[in-house]
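**Q** A single structure is presented below for examination.
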Amino acid sequence: MPGAAKEVRRFTFDTRESESPLTYEAGDALGIRPVNSRRLVTEWLEVTGTHGSTPVEVAGIGEMPFEEALLRYLDITRITSDLLRFVGERTRDGRELRKLLRPDNKGELARWSWGRQSVDVVSDHPVRASAREWARVFSRLRPRLYSISSSPLVDPHLVALTVSVVRYENPGGRPRGGVCSSFLADAGPGARVPVFVQRSPHFRPPADATTPMVMVGPGTGVAPFVGFLEERRALGHRAPNWLFFGDQHRATDFSYERELTALLDDGTLSRLDTAFSRDQRTKVYVQDRMREHGPELWHWLQGGARFYVCGDASRMAKDVDRALRDIAVAHGGLGEAEAAAHVRQLAADKRYVRDVY
Ligand SMILES: Cc1cc2nc3c(=O)[nH]c(=O)nc-3n(C[C@H](O)[C@H](O)[C@H](O)COP(=O)(O)OP(=O)(O)OC[C@H]3O[C@@H](n4cnc5c(N)ncnc54)[C@H](O)[C@@H]3O)c2cc1C
Ligand SMILES: NC(=O)c1ccc[n+]([C@@H]2O[C@H](COP(=O)([O-])OP(=O)(O)OC[C@H]3O[C@@H](n4cnc5c(N)ncnc54)[C@H](OP(=O)(O)O)[C@@H]3O)[C@@H](O)[C@H]2O)c1
């Protein structure tokens, strides 16, 4: 959205012309096999002084021109230990790089790597090596997974994703991008993209029409819940559904505002609580909204609701788990240990399910 700090895009894939039929269920993820950016491949060839036409071997695939290997098969962005070791040993002064590889320097390495790609390492620490040697240093380019934000019951041939596009500048001010999210964002309409379905059998809307559902999905975590709600509407399930959504600013980051408002209007969504973290001086997150509505949330859980969480694993999912335990203490009258056991039991009963990354 104009003015947003983040670029969040919805991509819809038409699978009718797919070579083998592609079927999915709400809650599954779509795997995308990206290719690297041509501009980055050209930069690699320039920085290393290698030729794109030199034949190289890609393990498990065979021999091909270096340029083809860089574009389609090799991970040419991630700063790996193998790359740091290779450059650290061959460049004129590799002390800084070798120091970063020390086992006690993991935090420092993560901080230093943030905002850099492997080409930035080589351009700051020049190395003489052949195309064949470089091809052996890189690992294989891996597919990326995205939660599917649609239901096949609406149209079995259309698969929608909600993608936060990773774009930033390196320390020299050069634009850099996440491999797959920028591949999708920069591909024109109608581009053919190789995909596969990654099943998530644990992460499905309730099969029972009367089971209520509580969903916590800040940022791109909202993605699967749009599919869950479409599915329940298509099936005519009348159980109440409650969504907690959050992002930076209401004006620019309210993904699916129109769709969610329509779902509220037609009664598919019973409650929508939002937490726009940067619209006021003090940050407000989805778990703050959960605590504010703790008595009702506890009531829903006691009434058999299933509780779903999707999005950031590193901080959000842990904080939401903490909030759930706090609500069990505050409104269920449980002690700390009992609350922890209660939440563990919800998970064991598959009434508390997460898809976090
Ligand atoms: C089950 C599952 C479901 C997922 N669902 C979704 C989804 O619905 N939507 C979604 O958007 N993503 C989703 N993801 C994440 C997605 O798979 C990718 O990891 C994400 O899009 C980044 O991939 P990329 O190839 O664009 O970036 P990569 O090339 O993998 O680069 C990412 C790396 O870039 C660096 N980086 C990132 N941001 C910055 C920055 N601002 N400054 C400096 N460095 C930075 C970090 O080192 C980061 O690890 C999901 C992941 C899983 C496992
Ligand atoms: N490794 C990291 O440091 C890091 C950081 C961000 C995102 N990511 C990843 O980037 C991808 C896309 O993220 P996204 O843009 O969809 O969403 P996001 O960055 O997770 O942000 C969505 C909302 O969640 C808020 N938030 C931040 N910390 C939170 C916490 N501890 N608990 C609850 N809410 C919190 C954000 O607030 P504020 O931004 O205002 O704090 C924002 O309002 C995901 O894969 C995510 O895992 C990684």
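Labels used: A, B, ... for chains in the order of the structure tokens, numbers from 1 for residues in each chain, and numbers from 1 for ligands as shown.
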Tell me which protein, DNA and RNA residues are within 8 Å of A:Thr220, counting only C-alpha atoms, leaving out same-chain ones fewer than 3 positions away, and put them as a PyMOL selection string.

**A** chain A and resi 8+162-164+217+223+311

**Q** What's the 6 Å shell around A:Ser118, counting only C-alpha atoms, without same-chain residues fewer than 3 positions away, as an MDAnalysis selection string?

**A** chainID A and resid 77:79 121

**Q** Could you give me, as a PyMOL selection string, every polymer residue with an atom at most 9 Å away from an atom of ligand 1, counting only C-alpha atoms and all ligand atoms?

**A** chain A and resi 8-9+28-32+34+75+77-79+110+113-117+142-149+161-170+176-184+198+200+219-224+310-312+355-357

**Q** Enumerate the residues of stretch 10-80 of chain A with a DSSP assignment of helix (DSSP H, G or I), computed from the backbone, and present them as a list in words.

**A**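 These are the residues in question: Arg38, Arg39, Leu40, Val41, Thr42, Glu43, Trp44, Leu45, Glu46, Val47, Thr48, Phe66, Glu67, Glu68, Ala69, Leu70, Leu71, Arg72 and Tyr73 of chain A.
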
**Q** List as an MDAnalysis selection string the protein and nucleic acid residues near A:Leu269, meaning an atom at most 9 Å away when only C-alpha atoms are counted, but skip any in the same chain fewer than 4 places from it.

**A** chainID A and resid 229 240:243 260:265

**Q** Would you save the residues of that selection, restricted to N, CA and C atoms, as a compact mmCIF listing (two decimals), in the first residue's frame?

**A**
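Below you can see out_30.txt, which holds the result:
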# COMPACT_ATOMS: atom_id res chain seq x y z
N LEU A 229 -11.52 -18.85 6.67
CA LEU A 229 -12.83 -18.18 6.75
C LEU A 229 -13.61 -18.39 5.45
N PRO A 240 -19.06 -19.60 15.68
CA PRO A 240 -18.42 -18.28 15.72
C PRO A 240 -16.91 -18.35 15.45
N ASN A 241 -16.39 -17.32 14.78
CA ASN A 241 -14.96 -17.23 14.45
C ASN A 241 -14.43 -15.87 14.89
N TRP A 242 -13.25 -15.88 15.52
CA TRP A 242 -12.67 -14.65 16.09
C TRP A 242 -11.23 -14.51 15.59
N LEU A 243 -10.93 -13.35 15.01
CA LEU A 243 -9.57 -13.13 14.48
C LEU A 243 -8.88 -11.98 15.20
N LEU A 260 -12.09 -8.78 5.16
CA LEU A 260 -12.43 -9.09 6.55
C LEU A 260 -13.69 -8.35 6.97
N THR A 261 -13.85 -7.12 6.49
CA THR A 261 -15.06 -6.36 6.81
C THR A 261 -16.27 -7.07 6.22
N ALA A 262 -16.12 -7.57 5.00
CA ALA A 262 -17.24 -8.29 4.37
C ALA A 262 -17.57 -9.56 5.16
N LEU A 263 -16.54 -10.25 5.65
CA LEU A 263 -16.76 -11.48 6.44
C LEU A 263 -17.44 -11.16 7.77
N LEU A 264 -17.12 -9.96 8.32
CA LEU A 264 -17.81 -9.53 9.54
C LEU A 264 -19.27 -9.24 9.23
N ASP A 265 -19.48 -8.52 8.09
CA ASP A 265 -20.83 -8.12 7.73
C ASP A 265 -21.73 -9.33 7.49

**Q** Stretch 316-330 of chain A: which residues within 12 Å, counting only C-alpha atoms, same-chain residues fewer than 3 positions away excluded, as a compact mmCIF listing (two decimals) with N, CA and C atoms, in the first residue's frame?

**A**
# COMPACT_ATOMS: atom_id res chain seq x y z
N VAL A 214 -10.60 -19.52 17.13
CA VAL A 214 -9.93 -18.26 17.45
C VAL A 214 -8.62 -18.27 16.67
N MET A 215 -8.35 -17.20 15.90
CA MET A 215 -7.15 -17.16 15.06
C MET A 215 -6.31 -15.95 15.43
N VAL A 216 -5.01 -16.17 15.61
CA VAL A 216 -4.10 -15.07 15.91
C VAL A 216 -3.11 -15.02 14.76
N GLY A 217 -3.17 -13.96 13.94
CA GLY A 217 -2.33 -13.90 12.74
C GLY A 217 -1.88 -12.50 12.41
N PRO A 218 -0.87 -11.98 13.14
CA PRO A 218 -0.36 -10.66 12.77
C PRO A 218 0.52 -10.73 11.52
N GLY A 219 0.64 -9.61 10.80
CA GLY A 219 1.47 -9.56 9.59
C GLY A 219 0.99 -10.58 8.58
N GLY A 221 0.96 -13.55 8.95
CA GLY A 221 0.31 -14.64 9.67
C GLY A 221 -1.19 -14.69 9.41
N PHE A 244 -7.64 -12.23 15.61
CA PHE A 244 -6.76 -11.16 16.10
C PHE A 244 -5.75 -10.88 14.99
N PHE A 245 -5.75 -9.63 14.51
CA PHE A 245 -4.79 -9.26 13.45
C PHE A 245 -4.02 -8.03 13.91
N GLY A 246 -2.76 -7.93 13.50
CA GLY A 246 -1.99 -6.73 13.83
C GLY A 246 -0.94 -6.46 12.79
N ASP A 247 -0.61 -5.18 12.66
CA ASP A 247 0.55 -4.80 11.83
C ASP A 247 0.95 -3.39 12.22
N TYR A 285 0.34 -4.99 20.66
CA TYR A 285 0.45 -6.22 19.88
C TYR A 285 -0.78 -7.09 20.08
N VAL A 286 -0.92 -8.10 19.22
CA VAL A 286 -2.09 -8.98 19.31
C VAL A 286 -2.26 -9.59 20.71
N GLN A 287 -1.15 -9.92 21.37
CA GLN A 287 -1.29 -10.54 22.70
C GLN A 287 -1.83 -9.54 23.72
N ASP A 288 -1.64 -8.22 23.48
CA ASP A 288 -2.25 -7.22 24.37
C ASP A 288 -3.76 -7.25 24.20
N ARG A 289 -4.21 -7.40 22.94
CA ARG A 289 -5.67 -7.49 22.70
C ARG A 289 -6.24 -8.77 23.32
N MET A 290 -5.46 -9.86 23.23
CA MET A 290 -5.93 -11.11 23.86
C MET A 290 -6.13 -10.89 25.35
N ARG A 291 -5.16 -10.21 25.98
CA ARG A 291 -5.26 -9.99 27.45
C ARG A 291 -6.45 -9.09 27.76
N GLU A 292 -6.63 -8.01 26.93
CA GLU A 292 -7.77 -7.09 27.16
C GLU A 292 -9.09 -7.85 27.16
N HIS A 293 -9.18 -8.83 26.23
CA HIS A 293 -10.43 -9.58 26.10
C HIS A 293 -10.31 -10.96 26.74
N GLY A 294 -9.43 -11.04 27.77
CA GLY A 294 -9.13 -12.32 28.41
C GLY A 294 -10.35 -13.09 28.88
N PRO A 295 -11.33 -12.43 29.60
CA PRO A 295 -12.49 -13.20 30.08
C PRO A 295 -13.25 -13.86 28.94
N GLU A 296 -13.48 -13.11 27.84
CA GLU A 296 -14.23 -13.70 26.71
C GLU A 296 -13.42 -14.81 26.05
N LEU A 297 -12.10 -14.56 25.93
CA LEU A 297 -11.26 -15.55 25.26
C LEU A 297 -11.27 -16.86 26.06
N TRP A 298 -11.18 -16.73 27.39
CA TRP A 298 -11.22 -17.92 28.24
C TRP A 298 -12.55 -18.65 28.07
N HIS A 299 -13.63 -17.85 27.99
CA HIS A 299 -14.97 -18.41 27.81
C HIS A 299 -15.06 -19.19 26.48
N TRP A 300 -14.49 -18.62 25.43
CA TRP A 300 -14.50 -19.31 24.12
C TRP A 300 -13.74 -20.64 24.22
N LEU A 301 -12.57 -20.59 24.88
CA LEU A 301 -11.75 -21.81 24.97
C LEU A 301 -12.48 -22.88 25.79
N GLN A 302 -13.13 -22.44 26.86
CA GLN A 302 -13.88 -23.39 27.69
C GLN A 302 -15.06 -23.95 26.91
N PHE A 307 -7.78 -22.99 18.88
CA PHE A 307 -6.96 -21.78 18.93
C PHE A 307 -5.80 -21.94 17.94
N TYR A 308 -5.73 -21.02 16.97
CA TYR A 308 -4.72 -21.12 15.91
C TYR A 308 -3.78 -19.91 15.96
N VAL A 309 -2.50 -20.16 15.69
CA VAL A 309 -1.51 -19.06 15.62
C VAL A 309 -0.70 -19.23 14.34
N CYS A 310 -0.50 -18.12 13.62
CA CYS A 310 0.35 -18.17 12.42
C CYS A 310 1.17 -16.90 12.32
N GLY A 311 2.41 -17.01 11.85
CA GLY A 311 3.30 -15.85 11.62
C GLY A 311 4.65 -16.05 12.27
N ASP A 312 5.21 -14.96 12.74
CA ASP A 312 6.58 -14.93 13.25
C ASP A 312 6.81 -15.90 14.42
N ALA A 313 7.78 -16.80 14.23
CA ALA A 313 8.07 -17.79 15.28
C ALA A 313 9.00 -17.24 16.34
N GLY A 333 -8.44 -19.16 36.97
CA GLY A 333 -8.10 -19.43 38.36
C GLY A 333 -7.05 -20.52 38.52
N LEU A 334 -6.24 -20.77 37.51
CA LEU A 334 -5.22 -21.82 37.60
C LEU A 334 -3.92 -21.23 38.13
N GLY A 335 -3.10 -22.07 38.74
CA GLY A 335 -1.76 -21.67 39.13
C GLY A 335 -0.87 -21.70 37.88
N GLU A 336 0.35 -21.16 38.01
CA GLU A 336 1.28 -21.10 36.88
C GLU A 336 1.48 -22.48 36.24
N ALA A 337 1.79 -23.47 37.09
CA ALA A 337 2.11 -24.80 36.58
C ALA A 337 0.87 -25.44 35.94
N GLU A 338 -0.29 -25.22 36.61
CA GLU A 338 -1.54 -25.79 36.05
C GLU A 338 -1.87 -25.15 34.71
N ALA A 339 -1.63 -23.83 34.61
CA ALA A 339 -1.91 -23.12 33.36
C ALA A 339 -1.02 -23.66 32.24
N ALA A 340 0.26 -23.89 32.57
CA ALA A 340 1.18 -24.42 31.56
C ALA A 340 0.71 -25.80 31.12
N ALA A 341 0.27 -26.62 32.11
CA ALA A 341 -0.20 -27.98 31.77
C ALA A 341 -1.47 -27.90 30.93
N HIS A 342 -2.34 -26.93 31.26
CA HIS A 342 -3.59 -26.78 30.52
C HIS A 342 -3.31 -26.44 29.05
N VAL A 343 -2.36 -25.52 28.85
CA VAL A 343 -2.03 -25.10 27.47
C VAL A 343 -1.38 -26.28 26.73
N ARG A 344 -0.54 -27.03 27.44
CA ARG A 344 0.08 -28.22 26.81
C ARG A 344 -1.00 -29.23 26.41
N GLN A 345 -2.02 -29.37 27.26
CA GLN A 345 -3.09 -30.32 26.96
C GLN A 345 -3.90 -29.86 25.74
N LEU A 346 -4.14 -28.53 25.67
CA LEU A 346 -4.85 -28.01 24.49
C LEU A 346 -4.10 -28.40 23.22
N ALA A 347 -2.76 -28.28 23.28
CA ALA A 347 -1.94 -28.62 22.11
C ALA A 347 -2.01 -30.12 21.84
N TYR A 352 -4.96 -26.43 20.07
CA TYR A 352 -4.05 -25.27 19.99
C TYR A 352 -3.01 -25.64 18.94
N VAL A 353 -3.16 -25.04 17.75
CA VAL A 353 -2.27 -25.44 16.65
C VAL A 353 -1.58 -24.21 16.05
N ARG A 354 -0.34 -24.42 15.63
CA ARG A 354 0.44 -23.28 15.16
C ARG A 354 1.08 -23.59 13.81
N ASP A 355 1.24 -22.55 13.00
CA ASP A 355 2.02 -22.66 11.77
C ASP A 355 2.90 -21.43 11.78
N VAL A 356 4.07 -21.56 12.39
CA VAL A 356 4.91 -20.37 12.60
C VAL A 356 6.26 -20.57 11.94
N TYR A 357 6.85 -19.46 11.51
CA TYR A 357 8.08 -19.54 10.72
C TYR A 357 9.01 -18.37 11.02

**Q** Out of A:Thr15, A:Ser20, A:Thr282, A:Gly267, which residue has the shortest atom-to-atom distance to ligand 2 when counting only C-alpha atoms and all ligand atoms?

**A** A:Thr282

**Q** Of the candidates A:Arg102, A:Arg128, A:Arg111, A:Arg351, which shows the shortest atom-to-atom distance to ligand 2, using only C-alpha atoms and all ligand atoms?

**A**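 Checking each candidate against ligand 2, we get A:Arg111 as the closest.
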
**Q** Rounded to one decimal in Å, what is the spacing between atom CA of A:Leu101 and atom CA of A:Thr80?

**A** 9.8 Å

**Q** Using only C-alpha atoms and all ligand atoms, which residue out of A:Thr268, A:Ala209, A:Lys350, A:Ser255 lies closest to ligand 2?

**A**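 Comparing A:Thr268, A:Ala209, A:Lys350, A:Ser255 against ligand 2, the winner is A:Ser255.
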
**Q** Measure the distance from atom CA of A:Gly52 to atom CA of A:Phe66 in Å and round it to one decimal.

**A** 4.9 Å

**Q** Find, counting only C-alpha atoms and all ligand atoms, the residue in A:Ser151, A:Asp266, A:Trp134, A:Arg250 that gets nearest to ligand 2.

**A**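 Using only C-alpha atoms and all ligand atoms, ligand 2 sits closest to A:Arg250.
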
**Q** For the strand (DSSP E) assignment from backbone DSSP, which residues of stretch 215-319 of chain A qualify? Please present them as a list in words.

**A** Met215, Val216, Asn241, Trp242, Leu243, Phe244, Phe245, Gly246, Asp247, Arg271, Leu272, Asp273, Thr274, Ala275, Phe276, Arg306, Phe307, Tyr308, Val309, Cys310 and Gly311 of chain A

**Q** Suppose we keep N, CA and C atoms; can you now write the selection as a PDB file, in the first residue's frame?

**A**
ATOM      1  N   MET A 215      -8.350 -17.200  15.904  1.00  0.00           N
ATOM      2  CA  MET A 215      -7.152 -17.158  15.063  1.00  0.00           C
ATOM      3  C   MET A 215      -6.308 -15.951  15.433  1.00  0.00           C
ATOM      4  N   VAL A 216      -5.013 -16.175  15.614  1.00  0.00           N
ATOM      5  CA  VAL A 216      -4.098 -15.073  15.908  1.00  0.00           C
ATOM      6  C   VAL A 216      -3.107 -15.019  14.757  1.00  0.00           C
ATOM      7  N   ASN A 241     -16.390 -17.320  14.780  1.00  0.00           N
ATOM      8  CA  ASN A 241     -14.964 -17.231  14.452  1.00  0.00           C
ATOM      9  C   ASN A 241     -14.433 -15.871  14.895  1.00  0.00           C
ATOM     10  N   TRP A 242     -13.249 -15.880  15.522  1.00  0.00           N
ATOM     11  CA  TRP A 242     -12.665 -14.651  16.095  1.00  0.00           C
ATOM     12  C   TRP A 242     -11.230 -14.513  15.593  1.00  0.00           C
ATOM     13  N   LEU A 243     -10.930 -13.351  15.013  1.00  0.00           N
ATOM     14  CA  LEU A 243      -9.575 -13.132  14.476  1.00  0.00           C
ATOM     15  C   LEU A 243      -8.884 -11.978  15.197  1.00  0.00           C
ATOM     16  N   PHE A 244      -7.643 -12.225  15.615  1.00  0.00           N
ATOM     17  CA  PHE A 244      -6.760 -11.158  16.099  1.00  0.00           C
ATOM     18  C   PHE A 244      -5.751 -10.880  14.988  1.00  0.00           C
ATOM     19  N   PHE A 245      -5.749  -9.633  14.506  1.00  0.00           N
ATOM     20  CA  PHE A 245      -4.786  -9.264  13.452  1.00  0.00           C
ATOM     21  C   PHE A 245      -4.020  -8.030  13.905  1.00  0.00           C
ATOM     22  N   GLY A 246      -2.761  -7.935  13.503  1.00  0.00           N
ATOM     23  CA  GLY A 246      -1.994  -6.729  13.829  1.00  0.00           C
ATOM     24  C   GLY A 246      -0.938  -6.457  12.786  1.00  0.00           C
ATOM     25  N   ASP A 247      -0.610  -5.179  12.656  1.00  0.00           N
ATOM     26  CA  ASP A 247       0.548  -4.800  11.828  1.00  0.00           C
ATOM     27  C   ASP A 247       0.948  -3.391  12.224  1.00  0.00           C
ATOM     28  N   ARG A 271     -15.881 -11.799  15.461  1.00  0.00           N
ATOM     29  CA  ARG A 271     -15.108 -10.742  16.129  1.00  0.00           C
ATOM     30  C   ARG A 271     -13.820 -10.529  15.383  1.00  0.00           C
ATOM     31  N   LEU A 272     -13.424  -9.260  15.258  1.00  0.00           N
ATOM     32  CA  LEU A 272     -12.130  -8.921  14.668  1.00  0.00           C
ATOM     33  C   LEU A 272     -11.479  -7.918  15.605  1.00  0.00           C
ATOM     34  N   ASP A 273     -10.364  -8.302  16.231  1.00  0.00           N
ATOM     35  CA  ASP A 273      -9.642  -7.371  17.106  1.00  0.00           C
ATOM     36  C   ASP A 273      -8.293  -7.075  16.493  1.00  0.00           C
ATOM     37  N   THR A 274      -8.002  -5.782  16.326  1.00  0.00           N
ATOM     38  CA  THR A 274      -6.770  -5.396  15.631  1.00  0.00           C
ATOM     39  C   THR A 274      -5.806  -4.702  16.592  1.00  0.00           C
ATOM     40  N   ALA A 275      -4.501  -4.863  16.291  1.00  0.00           N
ATOM     41  CA  ALA A 275      -3.453  -4.216  17.093  1.00  0.00           C
ATOM     42  C   ALA A 275      -2.481  -3.559  16.117  1.00  0.00           C
ATOM     43  N   PHE A 276      -2.649  -2.249  15.908  1.00  0.00           N
ATOM     44  CA  PHE A 276      -1.725  -1.553  15.004  1.00  0.00           C
ATOM     45  C   PHE A 276      -0.607  -0.968  15.863  1.00  0.00           C
ATOM     46  N   ARG A 306     -11.208 -23.898  18.981  1.00  0.00           N
ATOM     47  CA  ARG A 306      -9.819 -24.245  18.617  1.00  0.00           C
ATOM     48  C   ARG A 306      -9.041 -22.957  18.468  1.00  0.00           C
ATOM     49  N   PHE A 307      -7.778 -22.988  18.881  1.00  0.00           N
ATOM     50  CA  PHE A 307      -6.962 -21.782  18.929  1.00  0.00           C
ATOM     51  C   PHE A 307      -5.801 -21.939  17.939  1.00  0.00           C
ATOM     52  N   TYR A 308      -5.731 -21.020  16.972  1.00  0.00           N
ATOM     53  CA  TYR A 308      -4.723 -21.116  15.907  1.00  0.00           C
ATOM     54  C   TYR A 308      -3.778 -19.915  15.956  1.00  0.00           C
ATOM     55  N   VAL A 309      -2.495 -20.162  15.687  1.00  0.00           N
ATOM     56  CA  VAL A 309      -1.513 -19.064  15.618  1.00  0.00           C
ATOM     57  C   VAL A 309      -0.700 -19.230  14.343  1.00  0.00           C
ATOM     58  N   CYS A 310      -0.504 -18.122  13.615  1.00  0.00           N
ATOM     59  CA  CYS A 310       0.347 -18.174  12.424  1.00  0.00           C
ATOM     60  C   CYS A 310       1.174 -16.901  12.316  1.00  0.00           C
ATOM     61  N   GLY A 311       2.415 -17.011  11.853  1.00  0.00           N
ATOM     62  CA  GLY A 311       3.296 -15.852  11.620  1.00  0.00           C
ATOM     63  C   GLY A 311       4.654 -16.049  12.266  1.00  0.00           C
TER      64      GLY A 311
END

**Q** For a quick check of understanding, using only C-alpha atoms and all ligand atoms, which of A:His331, A:Lys283, A:His237, A:Arg72 has the smallest distance to ligand 2?

**A**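 So, comparing all the options, the nearest one is A:Lys283.
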
**Q** Please measure the separation of atom CA of A:Met1 and atom CA of A:Leu158, giving the value in Å to one decimal.

**A**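 Interatomic distance, atom CA of A:Met1 to atom CA of A:Leu158: 23.1 Å.
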
**Q** Ranking A:Asp82, A:Glu68, A:Glu108, A:Asp253 by minimum distance to A:Asp279 and counting only C-alpha atoms, which one comes first?

**A** A:Asp253

**Q** Residues within 9 Å of A:His51, please, as a list in words. Count only C-alpha atoms; anything in the same chain fewer than 5 positions from it doesn't count.

**A**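 The contact residues come out as Leu45, Glu46, Pro65, Phe66, Glu67 and Ala131 of chain A.
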